[in-house]
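Notes follow once the structure below has been shown.
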Amino acid sequence: MAALARAASCQTGVTRWIAACSGLLQTTAAQGQCRRMLCDIFQRHKAGQFRLSKSRGGLIQANGAIAQQNRLLYNTNQHLSASEEKVGAFTRIIEAMGFTGPLKYSRWKIKVAALRMYTCCVEKTDYEEFFSRCQMPDTLNSWFLVAQLHVWMCLVRLKQEGRTGKYMCRYIVHCMWEDVEQRGKVMGINSVVLKEDMKTMVENFYAALFGYDEGILSDDHVLAAALWRNLFNRNCEDPRHLELLVEYVRKQVQHLDALSGEDLLLTGEVSWRPLVESNARSILKPPPPVYNDEGL
């Protein structure tokens with residue numbers, strides 16, 4: 001009996017020990033599962049922090065680039081505002097009423113320079129070469145079309161010189177219409193016919209200015225179309241003539257851009273490159289003109 005009792009107690013102890021071991025194993029498995037869950041959570045949290053820091057870094061870089069662009073834009077605006085001509089309230093009021101405000105130089109000096117510049121347009125241009133190479137008739141209208149082209153190139157250059165340059169542009173156009181009227185009277189054209197012709201010339205002049213402005217800001221196709229409409233009167237059978245005139249306009253505008261604005265406003269002296277030259281790429285800087293304001 002005693003042996004049976006000891007055997008039963010041993011079996012009960014073994015059963016309890018087995019149950020305790022199985023519970024310990026379950027607890028260990030649960031702890032391992034919890035550890036794996038905690039490791040996964042920690043890795044996810046770490047990856048989220050990395051992505052967050054990366055996104056923060058990209059955001060900081062983007063903000064830095066935006067700030068740099070803003071500083072560049074601010075500096076550019078400061079540079080542009082510094083280069084613009086300052087106009088007072090009184091000047092704006094009187095110019096809004098149709099009067100001319102104070103200019104950079106004397107009006108008489110500007111008018112003399114404008115007259116001299118228009119004289120350079122009509123005296124220093126080889127019209128016979130234009131008529132022969134472009135097969136244009138030797139008439140008053142053909143002369144006006146060639147002179148109009150050179151006047152337009154001078155206007156493009158002078159408009160870069162602020163209010164003084166624009167005032168000079170208006171006086172150049174005024175000198176041109178007076179010259180056209182005088183030439184028509186010398187040629188013996190009837191006053192009524194001359195008046196009608198000048199009215200047509202005025203309309204064609206402002207239409208040509210718009211077309212030439214569009215052409216000089218665009219490619220050679222647009223400029224060639226403007227020359228075909230305005231200079232050749234839609235009558236040009238040889239495309240080489242258009243090519244020659246497009247090259248001539250481009251190099252003349254580049255040549256005028258090399259001139260000093262102050263010298264243009266004070267002297268009005270411009271020179272023209274030949275229609276056909278041996279080396280079209282040799283654009284040399286022209287010598288500065290000599291200004292003499294004695295008596296002005």
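Numbering starts fresh at 1 for the residues of each chain in the structure tokens, the chains themselves are lettered A, B, ... in the order given, and ligands are numbered from 1 as they appear.
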
Could you give me, as JSON lines, a per-residue list for stretch 120-175 of chain A showing, wherever an atom lies at most 8 Å from an atom of stretch 220-241 of chain A, the closest pair of atoms and their distance in Å to one decimal, using only C-alpha atoms and sorting by chain then residue number from low to high?
{"residue": "A:Arg133", "atom": "CA", "partner": "A:His241", "partner_atom": "CA", "distance": 7.5}
{"residue": "A:Cys134", "atom": "CA", "partner": "A:His241", "partner_atom": "CA", "distance": 5.7}
{"residue": "A:Met136", "atom": "CA", "partner": "A:Phe232", "partner_atom": "CA", "distance": 7.6}
{"residue": "A:Ser142", "atom": "CA", "partner": "A:Leu231", "partner_atom": "CA", "distance": 8.0}
{"residue": "A:Leu145", "atom": "CA", "partner": "A:Leu231", "partner_atom": "CA", "distance": 5.7}
{"residue": "A:Val146", "atom": "CA", "partner": "A:Leu231", "partner_atom": "CA", "distance": 7.0}
{"residue": "A:Leu149", "atom": "CA", "partner": "A:Leu231", "partner_atom": "CA", "distance": 7.9}

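Across the structure, atom CA of A:Tyr167 and atom CA of A:Lys199 are spaced 23.0 Å apart.
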
Point to revise | Exercise: stretch 112-120 of chain A partners within 12 Å, only C-alpha atoms, chain neighbours under 4 positions left out, as a ChimeraX atom specification | key: /A:105-108,124-126,147-155,157-158,164-180,262-272,289,291-293,295-296

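Of the listed residues (A:Val202, A:Ala207, A:Leu275, A:Leu140), A:Leu140 comes nearest to A:Gly184; the distances count only C-alpha atoms.
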
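Between atom CA of A:Met201 and atom CA of A:Asp138 the separation is 16.7 Å.
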